[in-house]
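Notes follow once the structure below has been shown.
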Amino acid sequence: SRLNKEEISFDDLKDNEAILKSEYSMISAGTELSRAYAIKKGFEYPVRPGYCMVGRVLKRGKAIAAEEGDRVFFNAPHASLVRWSSGDKVQGPLILKLDEEIDPVSATALNLILVALQGVNLTEVRLGYRVAVFGLGNIGILSALMYQKLGLKVIGIDPVKQRCALAEQMGLKYTAFENIKETLDDFSGGRGYDIAVDVTGLSEVIVDALSCVRRYGQVLLLGSPRKSYEADLTAVFSMVHMKDVKVIGAFNQTVPVEEKDGSNDSLVNNFRISQQLIKEGDLDIHKLISRIIDPKDCQKAYDDLMYRKDQVNAIVYDWRNY
């Protein structure tokens, strides 16, 4: 990984374009590592990772709702200056204006919060339900805290002890990093789980999630499966069939952008709720962040996130001096 210099033209700005000066951006470890280290099939080098950006509007086209000078959240690969276009497939559909009272470093996590929030909203939730969240990376912790906020009894599972400790520091009441099967059985009182959430994207963990839910339970696939895995699919499908399990896909880009009559399920509404969760202190994002670094140290950042997961959590780039 390295920084490249590019020229960004301010001229001939189209109605759906804007010039954005970056302040901070967060590395989305799952998605970005899968591309940078060729875990996900179909990607070729060079790779330009990143999509969790916070900055200010320097110049805008007529169709851009945010005003010049506004602090905004936007999707784009990591860069100090971005010529943003709503038609670009890697830059997302909207520039979203941020509440100025929200710390911009915390705001870099908004994409992760949106992923977690959409997944939680896709499941049927009732008071008294028990939830098992497999994988306590950033999105796993955020998801578990959201279920807990809704009044459910939630346990987070991760083999890395430090991740469980971080989840507890964030406010999650119950975690497990060892003796997982026995702990899961005890926590559910032998009944099984109403909801099991996979945030790892590991197929073998999805099988564990299917195994632990009760009859009529729900399994939410919040992680993106990437690695090949050999298993007896008949046994897996039999669990789904015999227990009447509902398996729910939760790819983040499936909700409509704007609210529609009869539904509040939209990117705009989820963004409002996500900001509220930060602003009201329900999600203390600074506890998730291990480092705020100079972008020139990008190679070490990716190596640490890939190979030292027990030592490093979220990493944020500081672009203010570029």
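Identifiers in the structure tokens: chain A, B, ... in order shown; residue index from 1 per chain; ligand index from 1 in order shown.
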Env of Leu142 (chain A): 12 Å cut, atoms = only C-alpha atoms, seq-sep filter 3 positions within chain, self excluded. Answer as a ChimeraX atom specification.
/A:109-120,133,135-139,145-149,154,156,166-168,170-172,197,199,222,274,277-278,282-285,287-288
Please list as a ChimeraX atom specification every residue within 9 Å of Phe10 (chain A), counting only C-alpha atoms and excluding residues in the same chain fewer than 4 positions away.
/A:18-19,59,83
Output file for the residues above (N, CA, C and O atoms, as a PDB file, in the first residue's frame):
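What ended up in result37.pdb:
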```pdb
ATOM      1  N   ALA A  18     -19.262  17.063  -6.937  1.00  0.00           N
ATOM      2  CA  ALA A  18     -18.805  17.993  -5.908  1.00  0.00           C
ATOM      3  C   ALA A  18     -17.317  17.786  -5.661  1.00  0.00           C
ATOM      4  O   ALA A  18     -16.791  16.686  -5.879  1.00  0.00           O
ATOM      5  N   ILE A  19     -16.649  18.838  -5.212  1.00  0.00           N
ATOM      6  CA  ILE A  19     -15.269  18.730  -4.756  1.00  0.00           C
ATOM      7  C   ILE A  19     -15.293  18.694  -3.236  1.00  0.00           C
ATOM      8  O   ILE A  19     -15.808  19.616  -2.581  1.00  0.00           O
ATOM      9  N   LYS A  59     -16.812  22.754  -3.357  1.00  0.00           N
ATOM     10  CA  LYS A  59     -17.530  23.239  -4.538  1.00  0.00           C
ATOM     11  C   LYS A  59     -18.564  22.188  -4.899  1.00  0.00           C
ATOM     12  O   LYS A  59     -18.327  20.997  -4.715  1.00  0.00           O
ATOM     13  N   ARG A  83     -13.077  14.334  -6.145  1.00  0.00           N
ATOM     14  CA  ARG A  83     -14.093  14.833  -7.067  1.00  0.00           C
ATOM     15  C   ARG A  83     -15.183  13.770  -7.083  1.00  0.00           C
ATOM     16  O   ARG A  83     -15.056  12.723  -7.682  1.00  0.00           O
TER      17      ARG A  83
END
```
Just want the 7 Å neighbourhood of region 203-209 of chain A, counted on only C-alpha atoms, with same-chain residues fewer than 5 positions away dropped. Output as a PyMOL selection string.
chain A and resi 196-198+219+225+229+236
Might you pull out every residue within 9 Å of Lys296 (chain A), with only C-alpha atoms counted and same-chain residues fewer than 3 positions away left off, and present them as a list in words?
Arg2, Leu3, Ile293 and Gln299 of chain A
Would you mind exporting the chosen residues as a compact mmCIF listing (two decimals), in the first residue's frame, restricted to N, CA, C and O atoms?
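result_34.txt written:
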```txt
# COMPACT_ATOMS: atom_id res chain seq x y z
N ARG A 2 0.46 2.25 -0.74
CA ARG A 2 1.21 3.50 -0.78
C ARG A 2 0.28 4.64 -1.16
O ARG A 2 -0.81 4.43 -1.69
N LEU A 3 0.75 5.88 -0.90
CA LEU A 3 0.00 7.06 -1.32
C LEU A 3 0.47 7.47 -2.71
O LEU A 3 1.67 7.51 -2.99
N ILE A 293 -4.12 7.96 12.46
CA ILE A 293 -2.76 7.94 11.91
C ILE A 293 -2.63 8.83 10.68
O ILE A 293 -3.62 9.22 10.05
N GLN A 299 0.44 1.18 4.92
CA GLN A 299 0.85 -0.22 4.82
C GLN A 299 0.86 -0.89 6.19
O GLN A 299 0.36 -2.00 6.35
```
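Here CA of Ile180 (chain A) is placed at a distance of 7.4 Å from CA of Ile157 (chain A).
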Which residues in region 157-267 of chain A does DSSP call strand (DSSP E or B)? List them as a PyMOL selection string.
chain A and resi 157+174-176+193-198+213-221+246-249+260+263
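In this model, the gap between CA of Tyr216 (chain A) and CA of Tyr129 (chain A) comes to 12.2 Å.
Candidate residues A:Asn313, A:Val240, A:Lys279, A:Ile95 were compared for distance to Cys164 (chain A), and the nearest is A:Asn313, using only C-alpha atoms.
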Alpha helix (DSSP H) per DSSP on the backbone: members of region 72-300 of chain A, as a VMD selection string:
chain A and resid 104 to 107 110 to 122 138 to 149 161 to 170 180 to 188 203 to 212 233 to 242 267 to 279 298 to 300
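With only C-alpha atoms as the atoms that count, the residue of A:Lys309, A:Arg226, A:Lys62, A:His78 with the shortest distance to Thr108 (chain A) is A:His78.
Closest approach to Phe271 (chain A) from the set A:Arg60, A:Lys173, A:Lys97, A:Lys5 is made by A:Lys97, with distances taken over only C-alpha atoms.
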Can you tell me, as a PyMOL selection string, what residues are no more than 7 Å from Ser28 (chain A) when counting only C-alpha atoms, ignoring any on the same chain fewer than 3 positions away?
chain A and resi 31-32+50
With C-alpha atoms retained, export the selected residues as a PDB file, in the first residue's frame.
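The resulting selection.pdb:
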```pdb
ATOM      1  CA  THR A  31     -14.301  -5.124   3.119  1.00  0.00           C
ATOM      2  CA  GLU A  32     -10.961  -3.425   2.551  1.00  0.00           C
ATOM      3  CA  GLY A  50     -12.062   2.882   1.333  1.00  0.00           C
TER       4      GLY A  50
END
```
